[in-house]
Structures are given as C-alpha cells and as structure tokens.
Number of protein chains: 2
Amino acid sequence: MVNSRFSVAIHILSLIATTSDKSLLTSDFIAGSVNTNPVVVRRMIGVLKKAGLLSSHSGVAGYELLVEPKKLTLLAIYQAIDGPEQLFAIHDEPNPACAVGREIQHTLEDVYTSIWQAMKEQLQAQTLQDVLDQLRT
Amino acid sequence: MVNSRFSVAIHILSLIATTSDKSLLTSDFIAGSVNTNPVVVRRMIGVLKKAGLLSSHSGVAGYELLVEPKKLTLLAIYQAIDGPEQLFAIHDEPNPACAVGREIQHTLEDVYTSIWQAMKEQLQAQTLQDVLDQLRT
DNA sequence: CCTGTTGTAACCATTATAGTTACAGGTGCA
DNA sequence: TGCACCTGTAACTATAATGGTTACAACAGG
C-alpha cells in the first residue's frame, strides 16, 4: 500500500475549496479535520504550493486555491505530490546470465507502464469538483 | 511504491515455465536468477503453492506449474500473493465534526475503487504467456 | 510589542520489507 | 544405512519509509 499523502492532499484541497471564510484556514484547523499534526499539514501545503495549486502567506492565516476545482484533475494533484508512476517495485539486479533474469526488468516495466496508463486515465477523468460533489451527497 | 513481491512472483513463475529440466529448479537456482536469498524464494513459492499455482515436494528439487501460462492471468498471480486492492492509504479517523472529514473516507474509497477496477482490467488482460513471449524477444 | 501564524529543520517511534541464520524433516542415491 | 541435498518455516536483523513531534526563526497585523 502506498502512503496516505494523496488522500491527505485531496482532503486539504477539499477543505480549502469549501471553506468560504478563508481566515479560518490555519494549519491547525486543517489538521483538526484531517486528524493529524499541523506540521504534517504545512509540509503537504508546501508541496502543493510549490506545484502552484494554492497560495499562502507566511505569518498570515488563509490558503487559497489557484486552480478552479473544475479544472483541477486528480492527476494534477497526484503529480503535484510526486506520487509514484511505478506502482510496483522491481527487484534489483536480476542475474544477467539467466535468460529470464536478463529480460525480466524490461518486461515488467512494460507491464507496469500499461497499468499506470490505465490509472492515469482514471485520475485524469476526475476533478476536485467531482470530489466536492460527492462530499455533499 | 508497493513492494517487489509481485515482480518476484512473476520472475519465479517465468523461470519455472521456461525451464524444461525441472531438476534444476531449486530455490537456490531461482534465487540466483532473481538475485535474492533462497529463503525469500521458498517463502514466495509457499504462497504461490498455497494459491494452487504450482506444486513442490519437500526434500526434492523441482517445481511445476499447475496452471498453463496461457490461462494464468497476472491478476491471478496478483491475488495469489495477496496484492493490495486499495492502492492508496486513507488517513485514519478524519474529524466527523467537519463536513469534509465526515465524508472524505467514503469519497476516496470510491475514487480508489475506480482506479483499482482499471488496474484490474490490465492485470486480467495479460497472462504469464504474454510475459514469456516478451522475454523471448 | 505581542499574539498567532507560516515555513522548516531535526528528531523519533512505528512499521514494512527483505535479507539472513538456523534447523527440523523429507528424498533418494551410493 | 548413511549422506548429501533439498524443502519448509521460525526467528532474528538491518534498512528504509512513514508520519508524528518538538523546536524555532521569521512574518503579519492589531
């Protein structure tokens, strides 16, 4: 299982998108909703900020989305947090003296690339707005 | 990134499928190709055996596939090794007092389920035989 | 100036992973 | 029968990832 950063990132962005009073949006408040430590939130926000998804100002509460929820695909979020494109690790240095060992890495990469492509399509097809819509129902 | 067990499992099964002299197939030999420890191989083989994909006999060298490579989908292998169906962890106990916190888990599960379905289709579409064919080229 | 906030570095506890040692017990051959 | 070789499995270890935590410098605004 991959880590929970993608889940946390979506949670944070959803919270920012749905909170109209931006002054409420402190890392402490967000951490309370996510149920984690404020530093974990600030760390994640730093990453999302670097990717251009939101803005923040040192010393002052309030985060703002820089991309409309409708235009923010889950893929963009995934890439912002540098989610892995190779989902499965390939064991190091199989024996090149063996016919299978020599070619297995390349073959597995092809298999995993096809899986990643399928995943990517799913991530591309869903936006933060879709998530927000589901939250409301 | 998920662990390398899926990769190792495919490597092991490929090796068994392509080695005609079954008496060569000791955990030591396989470990040499995978480049790991024989115990790691025997452990993995134990899992694959439990899933009915191959047979082995205590004390005697030689493993045999119990399913034709053409009929052995990567999905079956994936399920044999108990690969995760939830690829992304969802953070525990978001705050139920918050509108987002209350619903986010359920929403994320839906998102991740759609991703898993897409992955599943890819895994279902490829067989061990496809892997073997790619190894030869 | 003081309070509350962000941004970061540093550190820690927990867990997963895979490698390793060790050994009991089966197999088959000299 | 004894030996060499194998499987199966338990137990332990080193390493790395993850997420939580403490600490603090710097900033903003009343």
# chains A, B, ... in the order shown; residues from 1 in each chain; ligands from 1
$ calpha_fit_and_write --fixed "chain A" --moving "chain B" --output "compact mmCIF listing (two decimals) with N, CA, C and O atoms, in the first residue's frame"
# COMPACT_ATOMS: atom_id res chain seq x y z
N MET B 1 0.86 -1.19 -0.09
CA MET B 1 0.04 0.03 -0.07
C MET B 1 0.92 1.28 -0.06
O MET B 1 1.86 1.39 0.70
N VAL B 2 0.52 2.18 -0.91
CA VAL B 2 1.25 3.44 -0.97
C VAL B 2 0.83 4.30 0.22
O VAL B 2 -0.17 4.04 0.87
N ASN B 3 1.57 5.31 0.51
CA ASN B 3 1.29 6.18 1.65
C ASN B 3 -0.02 6.95 1.50
O ASN B 3 -0.65 6.92 0.47
N SER B 4 -0.37 7.67 2.54
CA SER B 4 -1.67 8.34 2.55
C SER B 4 -1.59 9.81 2.11
O SER B 4 -2.54 10.55 2.27
N ARG B 5 -0.46 10.18 1.52
CA ARG B 5 -0.32 11.60 1.17
C ARG B 5 -1.32 12.07 0.14
O ARG B 5 -1.81 13.20 0.21
N PHE B 6 -1.62 11.19 -0.80
CA PHE B 6 -2.59 11.57 -1.83
C PHE B 6 -3.94 11.84 -1.17
O PHE B 6 -4.60 12.85 -1.45
N SER B 7 -4.31 10.97 -0.25
CA SER B 7 -5.58 11.16 0.46
C SER B 7 -5.58 12.46 1.25
O SER B 7 -6.56 13.20 1.25
N VAL B 8 -4.49 12.71 1.92
CA VAL B 8 -4.40 13.93 2.73
C VAL B 8 -4.44 15.16 1.83
O VAL B 8 -5.11 16.15 2.15
N ALA B 9 -3.75 15.09 0.71
CA ALA B 9 -3.73 16.23 -0.21
C ALA B 9 -5.15 16.55 -0.69
O ALA B 9 -5.56 17.71 -0.72
N ILE B 10 -5.88 15.52 -1.06
CA ILE B 10 -7.25 15.74 -1.54
C ILE B 10 -8.12 16.30 -0.41
O ILE B 10 -8.93 17.21 -0.63
N HIS B 11 -7.92 15.79 0.78
CA HIS B 11 -8.67 16.29 1.93
C HIS B 11 -8.39 17.78 2.15
O HIS B 11 -9.32 18.59 2.28
N ILE B 12 -7.14 18.13 2.14
CA ILE B 12 -6.76 19.53 2.36
C ILE B 12 -7.35 20.43 1.28
O ILE B 12 -7.95 21.48 1.58
N LEU B 13 -7.21 20.03 0.04
CA LEU B 13 -7.72 20.86 -1.05
C LEU B 13 -9.24 20.98 -0.99
O LEU B 13 -9.79 22.05 -1.28
N SER B 14 -9.90 19.91 -0.59
CA SER B 14 -11.36 19.96 -0.46
C SER B 14 -11.77 20.95 0.61
O SER B 14 -12.73 21.71 0.45
N LEU B 15 -11.03 20.91 1.67
CA LEU B 15 -11.33 21.79 2.78
C LEU B 15 -11.15 23.25 2.38
O LEU B 15 -11.98 24.11 2.69
N ILE B 16 -10.08 23.52 1.68
CA ILE B 16 -9.83 24.89 1.23
C ILE B 16 -10.92 25.31 0.25
O ILE B 16 -11.43 26.44 0.32
N ALA B 17 -11.30 24.41 -0.61
CA ALA B 17 -12.32 24.75 -1.62
C ALA B 17 -13.68 25.03 -1.01
O ALA B 17 -14.43 25.85 -1.52
N THR B 18 -13.98 24.36 0.09
CA THR B 18 -15.34 24.48 0.64
C THR B 18 -15.46 25.46 1.79
O THR B 18 -16.57 25.70 2.26
N THR B 19 -14.35 26.00 2.23
CA THR B 19 -14.41 26.94 3.34
C THR B 19 -14.41 28.36 2.80
O THR B 19 -13.42 28.82 2.23
N SER B 20 -15.53 29.03 2.99
CA SER B 20 -15.63 30.37 2.40
C SER B 20 -14.88 31.40 3.25
O SER B 20 -14.27 32.32 2.72
N ASP B 21 -14.93 31.24 4.55
CA ASP B 21 -14.21 32.17 5.43
C ASP B 21 -12.75 31.74 5.51
O ASP B 21 -12.36 30.94 6.35
N LYS B 22 -11.97 32.29 4.62
CA LYS B 22 -10.58 31.85 4.49
C LYS B 22 -9.75 32.05 5.76
O LYS B 22 -8.75 31.37 5.97
N SER B 23 -10.19 32.99 6.59
CA SER B 23 -9.39 33.26 7.79
C SER B 23 -9.45 32.08 8.77
O SER B 23 -8.65 31.98 9.69
N LEU B 24 -10.41 31.18 8.56
CA LEU B 24 -10.48 29.98 9.40
C LEU B 24 -9.39 28.99 9.06
O LEU B 24 -9.04 28.12 9.86
N LEU B 25 -8.90 29.11 7.84
CA LEU B 25 -7.99 28.09 7.31
C LEU B 25 -6.56 28.22 7.83
O LEU B 25 -5.68 28.69 7.14
N THR B 26 -6.39 27.78 9.04
CA THR B 26 -5.03 27.68 9.57
C THR B 26 -4.60 26.23 9.49
O THR B 26 -5.43 25.33 9.35
N SER B 27 -3.30 26.00 9.59
CA SER B 27 -2.82 24.62 9.53
C SER B 27 -3.37 23.82 10.71
O SER B 27 -3.58 22.62 10.62
N ASP B 28 -3.63 24.53 11.79
CA ASP B 28 -4.19 23.90 12.97
C ASP B 28 -5.62 23.42 12.72
O ASP B 28 -5.98 22.30 13.05
N PHE B 29 -6.41 24.28 12.10
CA PHE B 29 -7.79 23.93 11.78
C PHE B 29 -7.84 22.75 10.82
O PHE B 29 -8.59 21.79 11.02
N ILE B 30 -7.02 22.82 9.80
CA ILE B 30 -7.00 21.74 8.80
C ILE B 30 -6.55 20.45 9.45
O ILE B 30 -7.13 19.38 9.23
N ALA B 31 -5.53 20.55 10.30
CA ALA B 31 -5.03 19.36 10.98
C ALA B 31 -6.14 18.73 11.83
O ALA B 31 -6.22 17.51 11.95
N GLY B 32 -6.99 19.58 12.38
CA GLY B 32 -8.10 19.07 13.17
C GLY B 32 -9.08 18.26 12.34
O GLY B 32 -9.63 17.26 12.81
N SER B 33 -9.28 18.66 11.12
CA SER B 33 -10.19 17.92 10.25
C SER B 33 -9.55 16.63 9.73
O SER B 33 -10.17 15.58 9.68
N VAL B 34 -8.28 16.74 9.37
CA VAL B 34 -7.58 15.57 8.83
C VAL B 34 -7.23 14.60 9.96
O VAL B 34 -7.05 13.41 9.73
N ASN B 35 -7.15 15.13 11.13
CA ASN B 35 -6.71 14.37 12.30
C ASN B 35 -5.23 14.01 12.21
O ASN B 35 -4.85 12.85 12.20
N THR B 36 -4.45 15.04 12.14
CA THR B 36 -3.00 14.84 12.13
C THR B 36 -2.36 16.07 12.77
O THR B 36 -3.05 16.89 13.38
N ASN B 37 -1.08 16.18 12.61
CA ASN B 37 -0.34 17.27 13.22
C ASN B 37 -0.27 18.46 12.26
O ASN B 37 -0.10 18.28 11.06
N PRO B 38 -0.38 19.67 12.80
CA PRO B 38 -0.33 20.86 11.94
C PRO B 38 0.91 20.91 11.06
O PRO B 38 0.86 21.40 9.93
N VAL B 39 2.00 20.38 11.57
CA VAL B 39 3.23 20.41 10.77
C VAL B 39 3.11 19.53 9.53
O VAL B 39 3.59 19.87 8.46
N VAL B 40 2.42 18.41 9.71
CA VAL B 40 2.19 17.52 8.57
C VAL B 40 1.40 18.28 7.50
O VAL B 40 1.70 18.19 6.30
N VAL B 41 0.43 19.04 7.95
CA VAL B 41 -0.38 19.82 7.02
C VAL B 41 0.46 20.90 6.34
O VAL B 41 0.42 21.06 5.12
N ARG B 42 1.24 21.59 7.12
CA ARG B 42 2.05 22.68 6.52
C ARG B 42 3.05 22.12 5.53
O ARG B 42 3.35 22.73 4.50
N ARG B 43 3.57 20.94 5.84
CA ARG B 43 4.51 20.30 4.94
C ARG B 43 3.82 19.98 3.61
O ARG B 43 4.35 20.27 2.54
N MET B 44 2.66 19.38 3.71
CA MET B 44 1.92 19.02 2.50
C MET B 44 1.54 20.27 1.72
O MET B 44 1.65 20.32 0.50
N ILE B 45 1.11 21.31 2.44
CA ILE B 45 0.73 22.54 1.77
C ILE B 45 1.93 23.16 1.06
O ILE B 45 1.80 23.71 -0.03
N GLY B 46 3.09 23.03 1.67
CA GLY B 46 4.29 23.53 1.02
C GLY B 46 4.50 22.87 -0.33
O GLY B 46 4.85 23.53 -1.32
N VAL B 47 4.24 21.58 -0.39
CA VAL B 47 4.39 20.83 -1.64
C VAL B 47 3.36 21.29 -2.67
O VAL B 47 3.69 21.53 -3.84
N LEU B 48 2.11 21.45 -2.21
CA LEU B 48 1.04 21.85 -3.13
C LEU B 48 1.26 23.29 -3.62
O LEU B 48 0.92 23.63 -4.75
N LYS B 49 1.83 24.09 -2.74
CA LYS B 49 2.12 25.48 -3.11
C LYS B 49 3.21 25.52 -4.18
O LYS B 49 3.10 26.25 -5.16
N LYS B 50 4.24 24.71 -3.95
CA LYS B 50 5.34 24.66 -4.91
C LYS B 50 4.83 24.25 -6.29
O LYS B 50 5.35 24.67 -7.32
N ALA B 51 3.79 23.41 -6.29
CA ALA B 51 3.24 22.93 -7.56
C ALA B 51 2.26 23.94 -8.16
O ALA B 51 1.70 23.72 -9.23
N GLY B 52 2.03 25.04 -7.43
CA GLY B 52 1.17 26.09 -7.97
C GLY B 52 -0.31 25.86 -7.79
O GLY B 52 -1.13 26.51 -8.42
N LEU B 53 -0.67 24.94 -6.88
CA LEU B 53 -2.10 24.67 -6.70
C LEU B 53 -2.77 25.60 -5.73
O LEU B 53 -3.98 25.78 -5.76
N LEU B 54 -1.98 26.19 -4.84
CA LEU B 54 -2.58 27.12 -3.88
C LEU B 54 -1.57 28.17 -3.46
O LEU B 54 -0.38 28.06 -3.76
N SER B 55 -2.09 29.20 -2.77
CA SER B 55 -1.20 30.25 -2.29
C SER B 55 -1.33 30.38 -0.79
O SER B 55 -2.36 30.02 -0.21
N SER B 56 -0.29 30.86 -0.18
CA SER B 56 -0.32 31.09 1.26
C SER B 56 0.67 32.21 1.55
O SER B 56 1.52 32.53 0.73
N HIS B 57 0.51 32.81 2.72
CA HIS B 57 1.41 33.89 3.07
C HIS B 57 1.94 33.68 4.46
O HIS B 57 1.16 33.51 5.40
N SER B 58 3.23 33.69 4.56
CA SER B 58 3.89 33.46 5.84
C SER B 58 3.35 34.40 6.91
O SER B 58 3.28 35.61 6.71
N GLY B 59 2.91 33.82 8.00
CA GLY B 59 2.46 34.64 9.12
C GLY B 59 0.98 34.96 9.12
O GLY B 59 0.44 35.37 10.13
N VAL B 60 0.30 34.76 7.99
CA VAL B 60 -1.11 35.10 7.94
C VAL B 60 -1.98 33.91 7.55
O VAL B 60 -1.68 33.20 6.58
N ALA B 61 -3.01 33.72 8.32
CA ALA B 61 -3.91 32.59 8.09
C ALA B 61 -4.62 32.71 6.76
O ALA B 61 -4.82 33.82 6.26
N GLY B 62 -5.02 31.57 6.18
CA GLY B 62 -5.79 31.60 4.95
C GLY B 62 -5.03 31.09 3.76
O GLY B 62 -4.00 31.65 3.38
N TYR B 63 -5.55 30.02 3.20
CA TYR B 63 -4.97 29.48 1.98
C TYR B 63 -5.99 29.69 0.88
O TYR B 63 -7.19 29.71 1.13
N GLU B 64 -5.51 29.81 -0.34
CA GLU B 64 -6.44 29.95 -1.45
C GLU B 64 -6.05 29.07 -2.61
O GLU B 64 -4.87 28.98 -2.96
N LEU B 65 -7.05 28.45 -3.20
CA LEU B 65 -6.81 27.65 -4.39
C LEU B 65 -6.44 28.57 -5.55
O LEU B 65 -7.01 29.64 -5.70
N LEU B 66 -5.49 28.11 -6.33
CA LEU B 66 -5.11 28.88 -7.51
C LEU B 66 -5.67 28.28 -8.79
O LEU B 66 -5.50 28.82 -9.87
N VAL B 67 -6.32 27.12 -8.63
CA VAL B 67 -6.92 26.46 -9.78
C VAL B 67 -8.37 26.14 -9.43
O VAL B 67 -8.66 25.69 -8.33
N GLU B 68 -9.26 26.42 -10.34
CA GLU B 68 -10.67 26.09 -10.13
C GLU B 68 -10.83 24.60 -9.90
O GLU B 68 -10.26 23.79 -10.65
N PRO B 69 -11.65 24.21 -8.94
CA PRO B 69 -11.88 22.79 -8.69
C PRO B 69 -12.28 22.01 -9.95
O PRO B 69 -11.88 20.87 -10.13
N LYS B 70 -13.02 22.66 -10.82
CA LYS B 70 -13.45 21.99 -12.06
C LYS B 70 -12.27 21.69 -12.97
O LYS B 70 -12.32 20.78 -13.78
N LYS B 71 -11.24 22.49 -12.84
CA LYS B 71 -10.10 22.31 -13.75
C LYS B 71 -8.94 21.59 -13.09
O LYS B 71 -7.90 21.37 -13.72
N LEU B 72 -9.14 21.25 -11.83
CA LEU B 72 -8.06 20.58 -11.10
C LEU B 72 -8.30 19.06 -11.10
O LEU B 72 -9.11 18.55 -10.33
N THR B 73 -7.60 18.37 -11.95
CA THR B 73 -7.78 16.91 -12.02
C THR B 73 -7.02 16.23 -10.88
O THR B 73 -6.05 16.78 -10.34
N LEU B 74 -7.49 15.07 -10.54
CA LEU B 74 -6.79 14.30 -9.51
C LEU B 74 -5.38 13.96 -9.99
O LEU B 74 -4.45 13.83 -9.18
N LEU B 75 -5.23 13.84 -11.28
CA LEU B 75 -3.89 13.58 -11.81
C LEU B 75 -2.94 14.71 -11.49
O LEU B 75 -1.79 14.49 -11.09
N ALA B 76 -3.45 15.94 -11.64
CA ALA B 76 -2.60 17.10 -11.34
C ALA B 76 -2.19 17.10 -9.87
O ALA B 76 -1.05 17.42 -9.53
N ILE B 77 -3.12 16.71 -9.01
CA ILE B 77 -2.81 16.64 -7.58
C ILE B 77 -1.78 15.54 -7.33
O ILE B 77 -0.80 15.73 -6.62
N TYR B 78 -2.04 14.42 -7.98
CA TYR B 78 -1.13 13.28 -7.83
C TYR B 78 0.28 13.65 -8.26
O TYR B 78 1.25 13.34 -7.57
N GLN B 79 0.37 14.34 -9.36
CA GLN B 79 1.70 14.73 -9.84
C GLN B 79 2.31 15.81 -8.96
O GLN B 79 3.52 15.86 -8.77
N ALA B 80 1.46 16.66 -8.41
CA ALA B 80 1.96 17.71 -7.52
C ALA B 80 2.68 17.12 -6.31
O ALA B 80 3.71 17.61 -5.87
N ILE B 81 2.11 16.05 -5.80
CA ILE B 81 2.73 15.46 -4.61
C ILE B 81 3.76 14.40 -4.98
O ILE B 81 4.28 13.69 -4.14
N ASP B 82 4.04 14.32 -6.30
CA ASP B 82 5.09 13.43 -6.75
C ASP B 82 4.75 11.97 -6.44
O ASP B 82 5.61 11.20 -5.98
N GLY B 83 3.50 11.61 -6.67
CA GLY B 83 3.09 10.23 -6.49
C GLY B 83 3.85 9.32 -7.46
O GLY B 83 4.19 9.75 -8.56
N PRO B 84 4.10 8.10 -7.07
CA PRO B 84 4.90 7.21 -7.90
C PRO B 84 4.19 6.80 -9.18
O PRO B 84 2.99 6.56 -9.18
N GLU B 85 4.92 6.76 -10.27
CA GLU B 85 4.35 6.30 -11.53
C GLU B 85 4.63 4.82 -11.71
O GLU B 85 3.95 4.13 -12.46
N GLN B 86 5.65 4.36 -11.05
CA GLN B 86 5.91 2.93 -11.02
C GLN B 86 5.32 2.44 -9.72
O GLN B 86 5.87 2.70 -8.64
N LEU B 87 4.20 1.76 -9.83
CA LEU B 87 3.53 1.35 -8.60
C LEU B 87 4.21 0.19 -7.91
O LEU B 87 4.22 0.09 -6.69
N PHE B 88 4.78 -0.70 -8.71
CA PHE B 88 5.38 -1.89 -8.12
C PHE B 88 6.88 -1.84 -8.27
O PHE B 88 7.39 -1.57 -9.35
N ALA B 89 7.55 -2.12 -7.19
CA ALA B 89 9.00 -2.16 -7.24
C ALA B 89 9.44 -3.37 -8.06
O ALA B 89 8.77 -4.40 -8.08
N ILE B 90 10.53 -3.20 -8.77
CA ILE B 90 11.13 -4.32 -9.49
C ILE B 90 12.43 -4.65 -8.77
O ILE B 90 13.22 -3.77 -8.45
N HIS B 91 12.59 -5.91 -8.47
CA HIS B 91 13.77 -6.34 -7.72
C HIS B 91 15.05 -5.98 -8.47
O HIS B 91 15.12 -6.06 -9.69
N ASP B 92 16.06 -5.61 -7.72
CA ASP B 92 17.32 -5.14 -8.31
C ASP B 92 18.14 -6.28 -8.90
O ASP B 92 18.17 -7.39 -8.37
N GLU B 93 18.82 -5.93 -9.94
CA GLU B 93 19.88 -6.77 -10.49
C GLU B 93 19.56 -8.25 -10.58
O GLU B 93 20.29 -9.08 -10.04
N PRO B 94 18.51 -8.61 -11.31
CA PRO B 94 18.35 -10.03 -11.58
C PRO B 94 19.56 -10.51 -12.38
O PRO B 94 20.23 -9.70 -13.04
N ASN B 95 19.83 -11.78 -12.32
CA ASN B 95 21.04 -12.34 -12.92
C ASN B 95 21.03 -12.27 -14.45
O ASN B 95 20.23 -12.92 -15.11
N PRO B 96 21.95 -11.51 -15.02
CA PRO B 96 21.99 -11.35 -16.48
C PRO B 96 22.44 -12.61 -17.20
O PRO B 96 22.30 -12.73 -18.41
N ALA B 97 23.00 -13.55 -16.44
CA ALA B 97 23.43 -14.81 -17.05
C ALA B 97 22.24 -15.73 -17.32
O ALA B 97 22.39 -16.77 -17.96
N CYS B 98 21.09 -15.33 -16.83
CA CYS B 98 19.90 -16.16 -16.97
C CYS B 98 18.95 -15.50 -17.97
O CYS B 98 18.76 -14.28 -17.96
N ALA B 99 18.37 -16.32 -18.84
CA ALA B 99 17.51 -15.78 -19.89
C ALA B 99 16.36 -14.98 -19.31
O ALA B 99 15.98 -13.93 -19.84
N VAL B 100 15.79 -15.46 -18.24
CA VAL B 100 14.69 -14.74 -17.61
C VAL B 100 15.23 -13.50 -16.90
O VAL B 100 14.70 -12.40 -17.07
N GLY B 101 16.28 -13.70 -16.13
CA GLY B 101 16.85 -12.58 -15.37
C GLY B 101 17.25 -11.42 -16.26
O GLY B 101 17.11 -10.26 -15.88
N ARG B 102 17.72 -11.76 -17.45
CA ARG B 102 18.22 -10.72 -18.35
C ARG B 102 17.13 -9.80 -18.86
O ARG B 102 17.35 -8.61 -19.05
N GLU B 103 15.94 -10.35 -19.06
CA GLU B 103 14.89 -9.60 -19.73
C GLU B 103 13.73 -9.19 -18.84
O GLU B 103 12.87 -8.42 -19.24
N ILE B 104 13.69 -9.75 -17.64
CA ILE B 104 12.49 -9.57 -16.82
C ILE B 104 12.22 -8.12 -16.46
O ILE B 104 11.07 -7.67 -16.45
N GLN B 105 13.28 -7.37 -16.19
CA GLN B 105 13.07 -5.97 -15.78
C GLN B 105 12.35 -5.19 -16.87
O GLN B 105 11.38 -4.49 -16.61
N HIS B 106 12.84 -5.34 -18.08
CA HIS B 106 12.25 -4.62 -19.20
C HIS B 106 10.80 -5.03 -19.41
O HIS B 106 9.91 -4.21 -19.63
N THR B 107 10.57 -6.33 -19.30
CA THR B 107 9.21 -6.85 -19.49
C THR B 107 8.27 -6.33 -18.41
O THR B 107 7.15 -5.90 -18.70
N LEU B 108 8.73 -6.35 -17.19
CA LEU B 108 7.89 -5.86 -16.10
C LEU B 108 7.60 -4.38 -16.24
O LEU B 108 6.50 -3.92 -15.95
N GLU B 109 8.60 -3.66 -16.72
CA GLU B 109 8.37 -2.23 -16.93
C GLU B 109 7.22 -2.00 -17.90
O GLU B 109 6.39 -1.12 -17.70
N ASP B 110 7.18 -2.81 -18.95
CA ASP B 110 6.09 -2.69 -19.91
C ASP B 110 4.75 -2.98 -19.24
O ASP B 110 3.77 -2.26 -19.44
N VAL B 111 4.72 -4.05 -18.46
CA VAL B 111 3.49 -4.42 -17.78
C VAL B 111 3.05 -3.28 -16.86
O VAL B 111 1.89 -2.85 -16.88
N TYR B 112 3.98 -2.77 -16.11
CA TYR B 112 3.63 -1.73 -15.13
C TYR B 112 3.28 -0.42 -15.81
O TYR B 112 2.48 0.36 -15.29
N THR B 113 3.88 -0.18 -16.95
CA THR B 113 3.53 1.03 -17.68
C THR B 113 2.08 0.97 -18.15
O THR B 113 1.35 1.96 -18.07
N SER B 114 1.65 -0.19 -18.59
CA SER B 114 0.26 -0.30 -19.06
C SER B 114 -0.70 -0.10 -17.89
O SER B 114 -1.77 0.49 -18.04
N ILE B 115 -0.31 -0.56 -16.74
CA ILE B 115 -1.15 -0.36 -15.56
C ILE B 115 -1.19 1.12 -15.19
O ILE B 115 -2.25 1.68 -14.91
N TRP B 116 -0.04 1.74 -15.22
CA TRP B 116 0.01 3.16 -14.90
C TRP B 116 -0.82 3.99 -15.86
O TRP B 116 -1.52 4.93 -15.47
N GLN B 117 -0.79 3.64 -17.13
CA GLN B 117 -1.60 4.37 -18.12
C GLN B 117 -3.08 4.28 -17.78
O GLN B 117 -3.81 5.28 -17.85
N ALA B 118 -3.52 3.10 -17.38
CA ALA B 118 -4.94 2.92 -17.04
C ALA B 118 -5.29 3.75 -15.80
O ALA B 118 -6.35 4.38 -15.74
N MET B 119 -4.40 3.76 -14.85
CA MET B 119 -4.60 4.54 -13.64
C MET B 119 -4.68 6.02 -13.97
O MET B 119 -5.51 6.75 -13.46
N LYS B 120 -3.75 6.41 -14.83
CA LYS B 120 -3.65 7.80 -15.21
C LYS B 120 -4.95 8.30 -15.82
O LYS B 120 -5.40 9.41 -15.54
N GLU B 121 -5.54 7.47 -16.64
CA GLU B 121 -6.81 7.85 -17.26
C GLU B 121 -7.89 8.09 -16.20
O GLU B 121 -8.68 9.02 -16.31
N GLN B 122 -7.90 7.26 -15.21
CA GLN B 122 -8.88 7.43 -14.13
C GLN B 122 -8.62 8.72 -13.38
O GLN B 122 -9.54 9.45 -13.02
N LEU B 123 -7.37 9.00 -13.13
CA LEU B 123 -7.02 10.20 -12.37
C LEU B 123 -7.30 11.46 -13.19
O LEU B 123 -7.69 12.50 -12.65
N GLN B 124 -7.11 11.32 -14.48
CA GLN B 124 -7.36 12.45 -15.37
C GLN B 124 -8.85 12.74 -15.49
O GLN B 124 -9.26 13.87 -15.68
N ALA B 125 -9.64 11.69 -15.36
CA ALA B 125 -11.08 11.82 -15.59
C ALA B 125 -11.82 12.44 -14.41
O ALA B 125 -12.98 12.83 -14.53
N GLN B 126 -11.18 12.51 -13.27
CA GLN B 126 -11.87 13.04 -12.09
C GLN B 126 -11.20 14.32 -11.60
O GLN B 126 -9.99 14.43 -11.56
N THR B 127 -12.06 15.26 -11.24
CA THR B 127 -11.54 16.55 -10.77
C THR B 127 -11.87 16.74 -9.29
O THR B 127 -12.66 15.99 -8.72
N LEU B 128 -11.27 17.75 -8.74
CA LEU B 128 -11.57 18.08 -7.35
C LEU B 128 -13.07 18.40 -7.22
O LEU B 128 -13.69 18.08 -6.21
N GLN B 129 -13.63 19.00 -8.26
CA GLN B 129 -15.06 19.31 -8.21
C GLN B 129 -15.89 18.04 -8.06
O GLN B 129 -16.88 18.01 -7.32
N ASP B 130 -15.48 16.98 -8.74
CA ASP B 130 -16.20 15.71 -8.61
C ASP B 130 -16.14 15.22 -7.17
O ASP B 130 -17.13 14.71 -6.63
N VAL B 131 -15.00 15.38 -6.56
CA VAL B 131 -14.86 14.99 -5.16
C VAL B 131 -15.78 15.84 -4.29
O VAL B 131 -16.50 15.31 -3.43
N LEU B 132 -15.80 17.14 -4.54
CA LEU B 132 -16.66 18.04 -3.76
C LEU B 132 -18.13 17.66 -3.92
O LEU B 132 -18.88 17.66 -2.95
N ASP B 133 -18.50 17.31 -5.13
CA ASP B 133 -19.89 16.92 -5.37
C ASP B 133 -20.25 15.68 -4.57
O ASP B 133 -21.33 15.57 -4.02
N GLN B 134 -19.33 14.76 -4.52
CA GLN B 134 -19.59 13.52 -3.77
C GLN B 134 -19.64 13.79 -2.27
O GLN B 134 -20.36 13.11 -1.54
N LEU B 135 -18.89 14.76 -1.83
CA LEU B 135 -18.88 15.07 -0.40
C LEU B 135 -20.24 15.59 0.05
O LEU B 135 -20.71 15.28 1.14
N ARG B 136 -20.87 16.34 -0.82
CA ARG B 136 -22.16 16.96 -0.45
C ARG B 136 -23.28 15.94 -0.34
O ARG B 136 -24.21 16.13 0.42
N THR B 137 -23.19 14.90 -1.12
CA THR B 137 -24.30 13.93 -1.14
C THR B 137 -24.27 13.00 0.06
O THR B 137 -23.24 12.76 0.63
$ interface_residues --of "chain C" --to "chain B" --cutoff "10 Å" --atoms "only C-alpha atoms (C1' of nucleotides)" --output "list of chain:residue names"
C:DA16, C:DT17, C:DA18, C:DG19, C:DT20, C:DG25, C:DG26, C:DT27, C:DG28
$ residues_around --residues "C:DA13" --least-positions-apart "2" --cutoff "12 Å" --atoms "only C-alpha atoms (C1' of nucleotides)" --output "list of chain:residue names"
C:DC11, C:DT15, D:DT18, D:DG19, D:DG20, D:DT21
$ atom_distance --atom1 "atom C1' of C:DT3" --atom2 "atom C1' of D:DT22"
20.2 Å
